[in-house]
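Asker: So I've got this file, structure36.cif, and it contains mmCIF, C-alpha atoms and all ligand atoms:
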```cif
data_start
#
loop_
_atom_site.label_atom_id
_atom_site.label_comp_id
_atom_site.auth_asym_id
_atom_site.auth_seq_id
_atom_site.Cartn_x
_atom_site.Cartn_y
_atom_site.Cartn_z
CA MET A 295 -30.64 204.16 -10.03
CA GLY A 296 -26.90 204.81 -9.49
CA ASP A 297 -23.80 203.56 -11.24
CA ILE A 298 -22.87 199.94 -11.81
CA HIS A 299 -19.50 198.23 -11.38
CA GLN A 300 -17.74 196.39 -14.18
CA ILE A 301 -14.46 194.54 -14.53
CA THR A 302 -12.89 195.38 -17.86
CA LEU A 303 -9.86 194.21 -19.81
CA ALA A 304 -7.08 196.77 -19.26
CA ARG A 305 -4.54 194.97 -21.45
CA ARG A 306 -4.08 191.50 -22.93
CA PRO A 307 -2.47 189.08 -20.43
CA GLN A 308 0.93 187.60 -21.18
CA GLY A 309 0.91 184.10 -19.66
CA VAL A 310 -0.96 183.69 -16.39
CA PRO A 311 -3.21 186.77 -15.90
CA VAL A 312 -2.17 189.34 -13.26
CA PRO A 313 -4.30 192.01 -11.52
CA GLU A 314 -2.96 194.79 -13.80
CA ASP A 315 -4.62 193.10 -16.78
CA PHE A 316 -8.03 194.09 -15.36
CA ALA A 317 -9.73 197.31 -14.21
CA LEU A 318 -12.66 197.81 -11.84
CA VAL A 319 -14.69 200.69 -13.31
CA ARG A 320 -18.01 202.43 -12.77
CA ALA A 321 -20.50 202.86 -15.58
CA PRO A 322 -24.00 204.32 -15.86
CA MET A 323 -26.86 201.92 -15.07
CA PRO A 324 -27.92 200.41 -18.45
CA LYS A 325 -31.56 200.62 -19.55
CA PRO A 326 -33.15 197.52 -21.06
CA GLY A 327 -34.59 198.20 -24.51
CA PRO A 328 -37.68 196.53 -25.99
CA GLY A 329 -37.71 192.79 -25.20
CA ALA A 330 -34.69 193.07 -22.89
CA MET A 331 -34.11 192.63 -19.16
CA LEU A 332 -31.86 194.27 -16.58
CA VAL A 333 -30.26 191.56 -14.46
CA LYS A 334 -28.50 191.94 -11.09
CA MET A 335 -25.61 189.47 -10.73
CA ARG A 336 -26.04 187.09 -7.80
CA VAL A 337 -23.37 184.45 -8.58
CA GLY A 338 -20.38 185.18 -10.81
CA SER A 339 -18.52 182.33 -12.47
CA SER A 340 -14.80 182.00 -13.05
CA ASP A 341 -14.14 179.81 -16.09
CA PRO A 342 -10.91 178.79 -17.83
CA ALA A 343 -12.50 179.49 -21.24
CA ILE A 344 -12.49 183.21 -20.38
CA ARG A 345 -8.68 183.12 -20.68
CA GLY A 346 -9.16 182.34 -24.38
CA PHE A 347 -11.42 185.37 -24.88
CA LEU A 348 -8.67 187.64 -23.47
CA ASP A 349 -6.26 186.84 -26.33
CA ASP A 350 -6.73 188.50 -29.69
CA ARG A 351 -7.28 185.24 -31.52
CA PRO A 352 -10.29 183.17 -32.57
CA SER A 353 -11.96 181.10 -29.86
CA TYR A 354 -15.50 179.80 -29.86
CA LEU A 355 -16.58 183.36 -28.97
CA PRO A 356 -15.06 186.67 -30.16
CA PRO A 357 -12.16 188.19 -28.18
CA VAL A 358 -12.96 190.76 -25.46
CA ALA A 359 -11.94 194.24 -26.68
CA ILE A 360 -9.54 196.32 -24.58
CA GLY A 361 -11.67 198.44 -22.25
CA ALA A 362 -14.72 196.18 -22.59
CA ALA A 363 -16.27 194.21 -19.73
CA ILE A 364 -15.00 190.63 -19.43
CA ALA A 365 -17.40 188.08 -20.93
CA GLY A 366 -18.55 185.16 -18.82
CA MET A 367 -21.38 183.10 -17.40
CA SER A 368 -23.44 184.57 -14.59
CA LEU A 369 -26.48 183.75 -12.49
CA GLY A 370 -28.64 186.74 -11.64
CA GLU A 371 -32.05 188.09 -10.85
CA VAL A 372 -34.19 190.07 -13.29
CA VAL A 373 -34.76 193.50 -11.66
CA GLU A 374 -36.36 195.32 -14.62
CA SER A 375 -38.02 193.66 -17.58
CA ASN A 376 -39.50 194.50 -20.96
CA ASN A 377 -39.96 190.82 -21.74
CA PRO A 378 -43.05 189.00 -20.40
CA ASP A 379 -41.23 185.65 -20.66
CA TRP A 380 -38.63 186.83 -18.12
CA PRO A 381 -40.49 188.87 -15.47
CA VAL A 382 -38.96 190.76 -12.55
CA GLY A 383 -37.79 188.34 -9.86
CA THR A 384 -36.89 185.53 -12.29
CA LEU A 385 -33.51 183.90 -11.64
CA VAL A 386 -31.60 183.46 -14.89
CA ARG A 387 -28.35 181.90 -15.96
CA ALA A 388 -26.77 183.26 -19.15
CA PHE A 389 -23.59 184.24 -20.86
CA ALA A 390 -23.18 187.89 -19.85
CA THR A 391 -20.38 190.21 -18.71
CA TRP A 392 -18.50 190.83 -15.49
CA SER A 393 -20.91 193.62 -14.46
CA ASP A 394 -22.89 193.72 -11.24
CA HIS A 395 -25.89 194.68 -13.43
CA TYR A 396 -26.18 193.82 -17.12
CA VAL A 397 -28.77 193.86 -19.89
CA ILE A 398 -29.63 190.72 -21.85
CA ASP A 399 -32.50 189.78 -24.09
CA GLY A 400 -34.35 186.53 -24.70
CA ASN A 401 -31.71 185.41 -27.21
CA ALA A 402 -28.77 185.60 -24.78
CA LEU A 403 -26.38 182.67 -25.17
CA GLY A 404 -27.14 179.85 -22.74
CA LEU A 405 -30.14 181.72 -21.24
CA GLU A 406 -31.96 179.45 -18.80
CA ASN A 407 -34.47 179.86 -16.03
CA VAL A 408 -33.10 178.73 -12.65
CA THR A 409 -35.61 177.40 -10.13
CA PRO A 410 -33.70 176.39 -7.00
CA ALA A 411 -35.13 173.46 -5.05
CA PRO A 412 -35.90 174.29 -1.41
CA GLY A 413 -32.77 174.30 0.73
CA VAL A 414 -30.30 174.04 -2.16
CA PRO A 415 -27.70 176.86 -2.11
CA LEU A 416 -28.17 179.09 -5.14
CA GLN A 417 -24.52 178.89 -6.20
CA HIS A 418 -24.79 175.13 -6.85
CA TYR A 419 -26.85 176.07 -9.93
CA MET A 420 -23.77 177.81 -11.33
CA GLY A 421 -21.63 174.77 -10.46
CA ALA A 422 -22.26 171.04 -10.27
CA MET A 423 -26.04 171.51 -10.61
CA GLY A 424 -25.58 174.03 -13.40
CA PRO A 425 -23.24 174.48 -16.39
CA VAL A 426 -20.46 172.47 -14.73
CA GLY A 427 -22.71 169.47 -14.15
CA LEU A 428 -24.21 169.73 -17.63
CA THR A 429 -20.71 169.75 -19.13
CA ALA A 430 -19.72 166.70 -17.09
CA TRP A 431 -22.90 164.86 -18.13
CA VAL A 432 -22.65 165.75 -21.84
CA GLY A 433 -18.97 164.80 -22.05
CA LEU A 434 -19.37 161.60 -20.12
CA PHE A 435 -22.58 160.26 -21.63
CA ALA A 436 -23.48 162.08 -24.89
CA VAL A 437 -19.88 162.21 -26.21
CA GLY A 438 -18.05 159.58 -24.15
CA LEU A 439 -20.94 157.06 -24.16
CA ALA A 440 -19.80 155.80 -20.73
CA LYS A 441 -21.48 152.57 -19.63
CA PRO A 442 -21.61 150.72 -16.29
CA GLY A 443 -18.49 148.66 -15.68
CA GLU A 444 -16.32 150.71 -18.03
CA THR A 445 -13.13 152.46 -16.96
CA VAL A 446 -13.33 156.26 -17.02
CA LEU A 447 -10.19 158.39 -16.71
CA VAL A 448 -10.53 162.13 -16.00
CA SER A 449 -7.91 164.89 -15.89
CA ALA A 450 -8.06 167.92 -13.56
CA ALA A 451 -10.16 165.57 -11.44
CA ALA A 452 -10.22 167.90 -8.41
CA GLY A 453 -11.36 170.84 -10.56
CA ALA A 454 -14.90 172.01 -11.21
CA THR A 455 -15.75 169.75 -14.12
CA GLY A 456 -13.43 166.91 -13.13
CA SER A 457 -14.81 166.58 -9.60
CA THR A 458 -18.32 166.34 -11.05
CA VAL A 459 -17.25 163.79 -13.67
CA VAL A 460 -15.78 161.60 -10.94
CA GLN A 461 -19.09 161.56 -9.06
CA LEU A 462 -21.35 161.12 -12.12
CA ALA A 463 -19.20 158.28 -13.44
CA LYS A 464 -19.21 156.51 -10.06
CA ALA A 465 -22.98 156.92 -9.77
CA ALA A 466 -23.31 155.35 -13.25
CA GLY A 467 -21.37 152.26 -12.15
CA CYS A 468 -18.08 153.02 -13.87
CA ARG A 469 -14.59 152.40 -12.52
CA VAL A 470 -13.06 155.86 -12.10
CA ILE A 471 -9.45 157.01 -12.22
CA GLY A 472 -8.77 160.68 -11.51
CA MET A 473 -5.56 162.58 -12.26
CA ALA A 474 -4.85 165.72 -10.24
CA GLY A 475 -1.86 167.90 -9.37
CA GLY A 476 -0.55 167.39 -5.83
CA PRO A 477 -1.26 165.08 -2.88
CA ASP A 478 -4.08 167.22 -1.44
CA LYS A 479 -5.99 167.25 -4.72
CA ALA A 480 -5.42 163.51 -5.15
CA ALA A 481 -6.82 162.90 -1.65
CA GLN A 482 -9.83 165.03 -2.55
CA VAL A 483 -10.43 162.93 -5.68
CA LEU A 484 -10.45 159.75 -3.60
CA ALA A 485 -12.83 161.38 -1.10
CA LEU A 486 -15.22 162.02 -4.01
CA GLY A 487 -15.35 158.29 -4.62
CA ALA A 488 -12.75 157.66 -7.33
CA ASP A 489 -11.30 154.15 -7.33
CA VAL A 490 -7.80 155.45 -8.05
CA ALA A 491 -6.30 158.95 -7.79
CA ILE A 492 -3.01 159.73 -9.49
CA ASP A 493 -0.98 162.78 -8.45
CA TYR A 494 0.45 163.34 -11.93
CA ARG A 495 3.04 165.82 -10.66
CA ALA A 496 4.61 163.11 -8.49
CA GLU A 497 4.83 160.57 -11.33
CA ALA A 498 7.99 160.42 -13.42
CA ASP A 499 6.09 158.30 -15.98
CA ILE A 500 2.42 159.21 -16.00
CA GLY A 501 1.71 156.67 -18.77
CA ALA A 502 3.02 153.83 -16.58
CA ALA A 503 0.89 155.04 -13.66
CA VAL A 504 -2.28 155.12 -15.79
CA ALA A 505 -1.45 151.74 -17.35
CA ALA A 506 -1.08 150.23 -13.87
CA ALA A 507 -4.42 151.69 -12.79
CA ALA A 508 -6.20 150.63 -16.00
CA PRO A 509 -4.71 147.23 -16.98
CA ASP A 510 -7.51 146.62 -19.51
CA GLY A 511 -7.23 150.11 -21.00
CA VAL A 512 -9.27 153.28 -20.67
CA ASP A 513 -12.77 153.14 -22.17
CA VAL A 514 -13.52 156.86 -21.74
CA TYR A 515 -10.97 159.61 -21.27
CA PHE A 516 -12.68 162.84 -20.16
CA ASP A 517 -9.96 165.38 -20.87
CA ASN A 518 -9.95 168.86 -19.36
CA VAL A 519 -6.26 169.54 -19.85
CA GLY A 520 -4.80 168.43 -23.22
CA GLY A 521 -1.02 168.71 -23.58
CA ASP A 522 1.38 166.02 -22.44
CA LEU A 523 -1.24 164.16 -20.41
CA LEU A 524 -3.39 163.65 -23.50
CA ASP A 525 -0.39 162.43 -25.46
CA ALA A 526 0.48 159.96 -22.68
CA VAL A 527 -3.07 158.61 -22.46
CA LEU A 528 -3.79 158.01 -26.18
CA PRO A 529 -1.80 154.71 -26.37
CA LEU A 530 -3.60 153.50 -23.24
CA MET A 531 -7.11 153.65 -24.66
CA ALA A 532 -9.06 150.38 -24.80
CA MET A 533 -10.34 148.99 -28.10
CA ARG A 534 -13.16 151.32 -29.32
CA GLY A 535 -12.43 153.75 -26.50
CA ARG A 536 -13.72 157.34 -26.59
CA VAL A 537 -11.85 160.54 -25.79
CA ALA A 538 -14.20 163.41 -24.87
CA LEU A 539 -12.20 166.61 -25.33
CA CYS A 540 -13.74 169.10 -22.92
CA GLY A 541 -10.92 171.62 -22.76
CA MET A 542 -7.16 172.16 -22.94
CA ILE A 543 -6.38 174.32 -19.94
CA ALA A 544 -2.69 173.28 -20.13
CA GLN A 545 -2.24 175.61 -23.10
CA TYR A 546 -4.64 178.52 -22.35
CA ASN A 547 -1.96 180.68 -20.70
CA ASP A 548 0.48 180.07 -23.57
CA ALA A 549 -1.65 179.72 -26.67
CA ASP A 550 1.28 180.55 -28.99
CA HIS A 551 3.05 177.30 -28.05
CA PRO A 552 0.53 174.44 -28.12
CA PRO A 553 2.14 171.11 -27.19
CA GLY A 554 2.35 168.47 -29.90
CA ILE A 555 0.47 165.18 -30.00
CA ARG A 556 2.59 162.26 -31.27
CA GLN A 557 0.43 159.24 -30.52
CA LEU A 558 -2.43 159.59 -33.05
CA TRP A 559 -1.53 156.29 -34.70
CA GLN A 560 -2.80 154.55 -31.57
CA LEU A 561 -6.30 155.82 -32.41
CA VAL A 562 -6.15 153.71 -35.56
CA VAL A 563 -4.71 150.69 -33.78
CA ASN A 564 -7.46 150.70 -31.15
CA ARG A 565 -10.31 152.22 -33.26
CA VAL A 566 -10.59 155.09 -30.80
CA ARG A 567 -12.94 158.03 -31.37
CA ILE A 568 -11.80 161.47 -30.22
CA GLU A 569 -14.34 164.31 -30.17
CA GLY A 570 -14.30 167.88 -28.92
CA PHE A 571 -17.56 169.26 -27.61
CA ILE A 572 -19.25 172.39 -26.31
CA THR A 573 -21.99 171.69 -23.79
CA TYR A 574 -24.66 173.92 -25.30
CA ASP A 575 -24.35 172.11 -28.66
CA PHE A 576 -26.43 169.37 -27.01
CA PRO A 577 -29.72 171.13 -26.18
CA GLU A 578 -31.62 167.87 -26.60
CA CYS A 579 -29.67 166.37 -23.67
CA LEU A 580 -29.85 169.17 -21.15
CA ALA A 581 -33.23 168.37 -19.55
CA GLU A 582 -32.20 164.76 -18.90
CA ALA A 583 -28.80 165.91 -17.67
CA GLN A 584 -30.33 168.47 -15.29
CA ALA A 585 -32.81 165.91 -13.97
CA THR A 586 -29.96 163.47 -13.28
CA LEU A 587 -27.95 166.15 -11.45
CA ASP A 588 -30.97 167.13 -9.33
CA ARG A 589 -31.70 163.49 -8.46
CA LEU A 590 -28.11 162.62 -7.58
CA TYR A 591 -27.85 165.70 -5.39
CA ALA A 592 -31.09 164.81 -3.59
CA GLU A 593 -29.76 161.27 -3.06
CA GLY A 594 -26.48 162.58 -1.63
CA LYS A 595 -24.48 161.08 -4.53
CA LEU A 596 -23.45 164.44 -5.98
CA LYS A 597 -21.66 166.77 -3.57
CA PRO A 598 -20.80 170.04 -5.33
CA LEU A 599 -17.16 170.90 -4.73
CA GLU A 600 -16.73 174.68 -4.67
CA ASN A 601 -14.34 177.41 -3.63
CA LEU A 602 -16.34 180.52 -2.83
CA HIS A 603 -15.31 184.16 -3.00
CA HIS A 604 -17.37 187.08 -1.75
CA GLY A 605 -18.08 190.42 -3.40
CA PHE A 606 -18.24 191.37 -7.08
CA GLU A 607 -14.72 192.81 -7.13
CA SER A 608 -13.25 189.44 -6.04
CA LEU A 609 -13.97 188.03 -9.54
CA THR A 610 -10.52 189.14 -10.73
CA GLY A 611 -8.59 187.40 -7.95
CA ALA A 612 -10.77 184.31 -8.22
CA PHE A 613 -10.02 184.05 -11.94
CA ILE A 614 -6.28 184.53 -11.44
CA ALA A 615 -6.21 181.77 -8.77
CA LEU A 616 -8.06 179.49 -11.19
CA MET A 617 -5.60 180.15 -14.01
CA GLU A 618 -2.66 179.61 -11.63
CA GLY A 619 -3.99 176.09 -11.05
CA ARG A 620 -4.44 176.70 -7.32
CA THR A 621 -8.17 176.00 -6.96
CA VAL A 622 -10.16 172.93 -5.94
CA GLY A 623 -13.72 172.57 -7.23
CA LYS A 624 -15.74 175.24 -8.97
CA THR A 625 -14.56 178.84 -8.49
CA LEU A 626 -17.62 181.02 -7.75
CA VAL A 627 -18.22 184.56 -6.53
CA LEU A 628 -21.22 185.38 -4.36
CA VAL A 629 -22.29 188.95 -5.09
N1 LIG B 701 -16.50 172.17 -23.65
C1 LIG B 701 -17.25 172.85 -22.82
O1 LIG B 701 -18.42 173.12 -23.07
C2 LIG B 701 -16.64 173.27 -21.51
C3 LIG B 701 -17.42 173.81 -20.49
C4 LIG B 701 -16.79 174.13 -19.27
C5 LIG B 701 -15.42 173.92 -19.11
N2 LIG B 701 -14.71 173.42 -20.16
C6 LIG B 701 -13.27 173.14 -20.03
O2 LIG B 701 -13.10 172.19 -19.01
C7 LIG B 701 -11.82 172.34 -18.43
C8 LIG B 701 -11.98 172.43 -16.92
O3 LIG B 701 -12.70 173.63 -16.60
P1 LIG B 701 -13.22 173.86 -15.13
O4 LIG B 701 -14.09 175.05 -15.17
O5 LIG B 701 -13.72 172.60 -14.62
O6 LIG B 701 -11.90 174.31 -14.37
P2 LIG B 701 -10.98 173.54 -13.33
O7 LIG B 701 -10.82 172.11 -13.65
O8 LIG B 701 -11.44 173.89 -11.98
O9 LIG B 701 -9.62 174.21 -13.75
C9 LIG B 701 -8.55 174.38 -12.96
C10 LIG B 701 -7.62 173.16 -12.90
O10 LIG B 701 -7.03 172.83 -14.16
C11 LIG B 701 -5.80 172.16 -13.93
N3 LIG B 701 -4.71 172.59 -14.81
C12 LIG B 701 -3.97 171.76 -15.58
N4 LIG B 701 -3.06 172.45 -16.25
C13 LIG B 701 -3.19 173.75 -15.90
C14 LIG B 701 -2.49 174.94 -16.27
N5 LIG B 701 -1.47 174.94 -17.14
N6 LIG B 701 -2.90 176.09 -15.72
C15 LIG B 701 -3.93 176.12 -14.84
N7 LIG B 701 -4.62 175.00 -14.47
C16 LIG B 701 -4.24 173.83 -14.99
C17 LIG B 701 -5.45 172.41 -12.46
O11 LIG B 701 -5.68 171.19 -11.77
P3 LIG B 701 -4.43 170.21 -11.48
O12 LIG B 701 -3.64 170.89 -10.44
O13 LIG B 701 -5.09 168.97 -11.00
O14 LIG B 701 -3.70 170.04 -12.76
C18 LIG B 701 -6.45 173.44 -12.05
O15 LIG B 701 -6.74 173.40 -10.66
C19 LIG B 701 -11.20 173.58 -19.06
O16 LIG B 701 -10.32 173.15 -20.08
C20 LIG B 701 -12.40 174.31 -19.62
O17 LIG B 701 -12.06 175.13 -20.70
C21 LIG B 701 -15.30 173.11 -21.33
#
```
Could you render the structure as structure tokens?
Answerer:
Amino acid sequence: MGDIHQITLARRPQGVPVPEDFALVRAPMPKPGPGAMLVKMRVGSSDPAIRGFLDDRPSYLPPVAIGAAIAGMSLGEVVESNNPDWPVGTLVRAFATWSDHYVIDGNALGLENVTPAPGVPLQHYMGAMGPVGLTAWVGLFAVGLAKPGETVLVSAAAGATGSTVVQLAKAAGCRVIGMAGGPDKAAQVLALGADVAIDYRAEADIGAAVAAAAPDGVDVYFDNVGGDLLDAVLPLMAMRGRVALCGMIAQYNDADHPPGIRQLWQLVVNRVRIEGFITYDFPECLAEAQATLDRLYAEGKLKPLENLHHGFESLTGAFIALMEGRTVGKTLVLV
């Protein structure tokens, strides 16, 4: 077999990543050792968490070394296997690298078998019917304990996770308020079924806008953003409300200057629980979560929102657009 293509880290980004931070290189085709598999990438995933791995600082995974392939989730097909549990032809989702072919073994982080239902586009299993949907479900129900009739507020509501949270929360009988940047994204949030969409960029006082939309307080805040929005929302939580901290994309491009939180006292006043989570810390929930996603999709209640790019080399541009805040839905690359 010939060479493979990889996207490597050329230098550490300063602020929003730019093309020069990355390099498209060729490398020899890797050989799977005992127990390992060679996987051909079919769907590449662009995730905000990758921005954290590009800085030389601790994240929940080690930093990517200069010259190394970028680390990220991928959905691919096993094309050579030394592991009987993962035979040739199996579709697998796992934490891998930005390589059009890569070697993993049975212990790869997040390794899962993907069995697409007839007629369902494969890329949905990297989006709302995959890690994105699992994250939305875990944050909403395992961490946020959302119940029918409660008010759920979600930030980056037109993004990958946020757009899925809106739909899962509506399907569960919650009242849903989505915050998104710009009128087009706000319109998209309403089209997904949210009861209220707030264009936070157009609001001089975002706290007043949320308070007007949630007069009885917010029972569950599903936060993708952190920063000033989180600070504005904390005093607006209902008694015994829950804040599910999914991510803090507002500070990923400028990790040296994290914004301050001044409203923690309100957690005491209203007995609010705030909890950060990582989806794969909840293995006991994932089968139920996946079954719910599959059912809602089949019932037409979950419509995966995606922006699709084509060709392995488009991963870089797709990631930059994501980190510029320009995207709607899940950013995926069809290889
Ligand atoms: N805990 C976990 O296991 C887990 C798993 C997956 C993802 N996450 C986290 O979930 C969050 C959402 O991830 P996602 O994959 O669903 O991505 P996403 O929401 O599609 O991310 C992009 C959106 O984030 C918003 N954003 C707000 N401030 C931004 C800034 N300073 N720069 C760029 N974008 C900004 C933008 O929407 P607006 O224009 O509406 O602001 C942007 O379109 C991230 O924080 C991610 O790290 C966590």
Asker: Using only C-alpha atoms and all ligand atoms, which residues of the polymer chains come no farther than 7 Å from ligand LIG 701 (chain B)? I'd like the answer as a count of residues only.
Answerer: 41
Asker: Which residues come within 9 Å of Gly487 in chain A, counting only C-alpha atoms, excluding same-chain residues fewer than 3 positions away, as an MDAnalysis selection string?
Answerer: chainID A and resid 460:461 464 470 482:484 490
Asker: Tell me, as a tab-separated table (two decimals) with C-alpha atoms, in the coordinates of the input, which residues lie within 12 Å of Thr391 in chain A, counting all atoms listed in the file; anything in the same chain fewer than 2 positions away does not count.
Answerer:
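Written out: out_21.tsv:
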```
chain	number	residue	atom	x	y	z
A	299	HIS	CA	-19.50	198.23	-11.38
A	300	GLN	CA	-17.74	196.39	-14.18
A	301	ILE	CA	-14.46	194.54	-14.53
A	302	THR	CA	-12.89	195.38	-17.86
A	303	LEU	CA	-9.86	194.21	-19.81
A	333	VAL	CA	-30.26	191.56	-14.46
A	334	LYS	CA	-28.50	191.94	-11.09
A	335	MET	CA	-25.61	189.47	-10.73
A	338	GLY	CA	-20.38	185.18	-10.81
A	339	SER	CA	-18.52	182.33	-12.47
A	340	SER	CA	-14.80	182.00	-13.05
A	344	ILE	CA	-12.49	183.21	-20.38
A	347	PHE	CA	-11.42	185.37	-24.88
A	358	VAL	CA	-12.96	190.76	-25.46
A	362	ALA	CA	-14.72	196.18	-22.59
A	363	ALA	CA	-16.27	194.21	-19.73
A	364	ILE	CA	-15.00	190.63	-19.43
A	365	ALA	CA	-17.40	188.08	-20.93
A	366	GLY	CA	-18.55	185.16	-18.82
A	367	MET	CA	-21.38	183.10	-17.40
A	368	SER	CA	-23.44	184.57	-14.59
A	369	LEU	CA	-26.48	183.75	-12.49
A	370	GLY	CA	-28.64	186.74	-11.64
A	387	ARG	CA	-28.35	181.90	-15.96
A	388	ALA	CA	-26.77	183.26	-19.15
A	389	PHE	CA	-23.59	184.24	-20.86
A	393	SER	CA	-20.91	193.62	-14.46
A	394	ASP	CA	-22.89	193.72	-11.24
A	395	HIS	CA	-25.89	194.68	-13.43
A	396	TYR	CA	-26.18	193.82	-17.12
A	397	VAL	CA	-28.77	193.86	-19.89
A	398	ILE	CA	-29.63	190.72	-21.85
A	402	ALA	CA	-28.77	185.60	-24.78
A	403	LEU	CA	-26.38	182.67	-25.17
A	606	PHE	CA	-18.24	191.37	-7.08
A	609	LEU	CA	-13.97	188.03	-9.54
```
Asker: At what distance in Å, to one decimal, does CA of Gln308 in chain A lie from CA of Ile360 in chain A?
Answerer: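 Going from CA of Ile360 in chain A over to CA of Gln308 in chain A, I get 14.0 Å.
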Asker: Pick out the closest residue to Arg495 in chain A from this set: A:Asp478, A:Glu314, A:Asp575, A:Asp510. Count only C-alpha atoms.
Answerer: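 Smallest separation from Arg495 in chain A among the options: A:Asp478.
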Asker: Hey, can you check how far CA of Val629 in chain A sits from CA of Asp379 in chain A?
Answerer: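 Straight-line distance from CA of Val629 in chain A to CA of Asp379 in chain A works out to 24.7 Å.
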Asker: Could you check which of A:Ala502, A:Cys468, A:Gly521, A:Leu587 is closest to Ala549 in chain A, using only C-alpha atoms?
Answerer: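 With only C-alpha atoms as the atom set, the closest residue is A:Gly521.
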Asker: Have a look at CA of Pro324 in chain A and CA of Asp349 in chain A and let me know their distance in Å, one decimal.
Answerer: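 Interatomic distance, CA of Pro324 in chain A to CA of Asp349 in chain A: 26.7 Å.
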Asker: Given the point (-35.4, 191.8, -22.7) in the file's coordinates, find the residues that have an atom at most 10 Å from it, counting all atoms listed in the file, and give them as a PDB file with C-alpha atoms, in the frame of the given file.
Answerer:
```pdb
ATOM      1  CA  PRO A 326     -33.150 197.520 -21.060  1.00  0.00           C
ATOM      2  CA  GLY A 327     -34.590 198.200 -24.510  1.00  0.00           C
ATOM      3  CA  PRO A 328     -37.680 196.530 -25.990  1.00  0.00           C
ATOM      4  CA  GLY A 329     -37.710 192.790 -25.200  1.00  0.00           C
ATOM      5  CA  ALA A 330     -34.690 193.070 -22.890  1.00  0.00           C
ATOM      6  CA  MET A 331     -34.110 192.630 -19.160  1.00  0.00           C
ATOM      7  CA  LEU A 332     -31.860 194.270 -16.580  1.00  0.00           C
ATOM      8  CA  VAL A 333     -30.260 191.560 -14.460  1.00  0.00           C
ATOM      9  CA  VAL A 372     -34.190 190.070 -13.290  1.00  0.00           C
ATOM     10  CA  GLU A 374     -36.360 195.320 -14.620  1.00  0.00           C
ATOM     11  CA  SER A 375     -38.020 193.660 -17.580  1.00  0.00           C
ATOM     12  CA  ASN A 376     -39.500 194.500 -20.960  1.00  0.00           C
ATOM     13  CA  ASN A 377     -39.960 190.820 -21.740  1.00  0.00           C
ATOM     14  CA  PRO A 378     -43.050 189.000 -20.400  1.00  0.00           C
ATOM     15  CA  ASP A 379     -41.230 185.650 -20.660  1.00  0.00           C
ATOM     16  CA  TRP A 380     -38.630 186.830 -18.120  1.00  0.00           C
ATOM     17  CA  PRO A 381     -40.490 188.870 -15.470  1.00  0.00           C
ATOM     18  CA  VAL A 397     -28.770 193.860 -19.890  1.00  0.00           C
ATOM     19  CA  ILE A 398     -29.630 190.720 -21.850  1.00  0.00           C
ATOM     20  CA  ASP A 399     -32.500 189.780 -24.090  1.00  0.00           C
ATOM     21  CA  GLY A 400     -34.350 186.530 -24.700  1.00  0.00           C
ATOM     22  CA  ASN A 401     -31.710 185.410 -27.210  1.00  0.00           C
ATOM     23  CA  ALA A 402     -28.770 185.600 -24.780  1.00  0.00           C
TER      24      ALA A 402
END
```
Asker: Measuring atom to atom with all atoms listed in the file, identify which of A:Leu523, A:Leu434, A:Ala491, A:Ala321 is nearest to Pro553 in chain A.
Answerer: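 Closest residue, counting all atoms listed in the file: A:Leu523.
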Asker: Calculated over only C-alpha atoms, which of the candidates A:Glu600, A:Asp499, A:Glu371, A:Asp525 has the smallest distance to Glu406 in chain A?
Answerer: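 Distance minimum relative to Glu406 in chain A lands on A:Glu371.
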Asker: Considering all atoms listed in the file, state which residue in the set A:Pro577, A:Gly467, A:Gly501, A:Gly520 is at the smallest distance from Tyr546 in chain A.
Answerer: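 Looking at the shortest contact to Tyr546 in chain A, the residue is A:Gly520.
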Asker: Identify which of the residues A:Val386, A:Arg534, A:Met423, A:Leu590 lies closest to Leu405 in chain A, counting all atoms listed in the file when measuring atom-to-atom distances.
Answerer: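 Closest to Leu405 in chain A of all the choices is A:Val386.
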Asker: So that I can check the surroundings of Pro410 in chain A, please list as a list of chain:residue names every protein, DNA and RNA residue that reaches within 12 Å of it, counting all atoms listed in the file and ignoring chain neighbours fewer than 4 positions away.
Answerer: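 In the requested format, the answer is A:Leu369, A:Thr384, A:Leu385, A:Val386, A:Arg387, A:Val414, A:Pro415, A:Leu416, A:Gln417, A:His418, A:Tyr419, A:Met420, A:Met423, A:Gly424, A:Gln584, A:Asp588.
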Asker: Report as an NGL selection string all protein, DNA and RNA residues lying within 10 Å of Asp513 in chain A, evaluated on all atoms listed in the file, omitting residues in the same chain fewer than 4 positions from it.
Answerer: :A and (438-441 or 443-447 or 468-469 or 508 or 530-537 or 566)
Asker: Kindly complete range 389-393 of chain A to N, CA and C atoms; the output should be written as a short mmCIF file (atom, residue, chain, number, x, y, z; two decimals), in the frame of the given file.
Answerer:
```
data_model
loop_
_atom_site.label_atom_id
_atom_site.label_comp_id
_atom_site.auth_asym_id
_atom_site.auth_seq_id
_atom_site.Cartn_x
_atom_site.Cartn_y
_atom_site.Cartn_z
N PHE A 389 -24.89 183.68 -20.55
CA PHE A 389 -23.59 184.24 -20.86
C PHE A 389 -23.76 185.75 -20.86
N ALA A 390 -23.00 186.45 -20.02
CA ALA A 390 -23.18 187.89 -19.85
C ALA A 390 -21.81 188.54 -19.76
N THR A 391 -21.68 189.55 -18.90
CA THR A 391 -20.38 190.21 -18.71
C THR A 391 -20.11 190.33 -17.21
N TRP A 392 -18.87 190.60 -16.89
CA TRP A 392 -18.50 190.83 -15.49
C TRP A 392 -18.97 192.25 -15.12
N SER A 393 -20.26 192.36 -14.85
CA SER A 393 -20.91 193.62 -14.46
C SER A 393 -21.87 193.26 -13.35
#
```
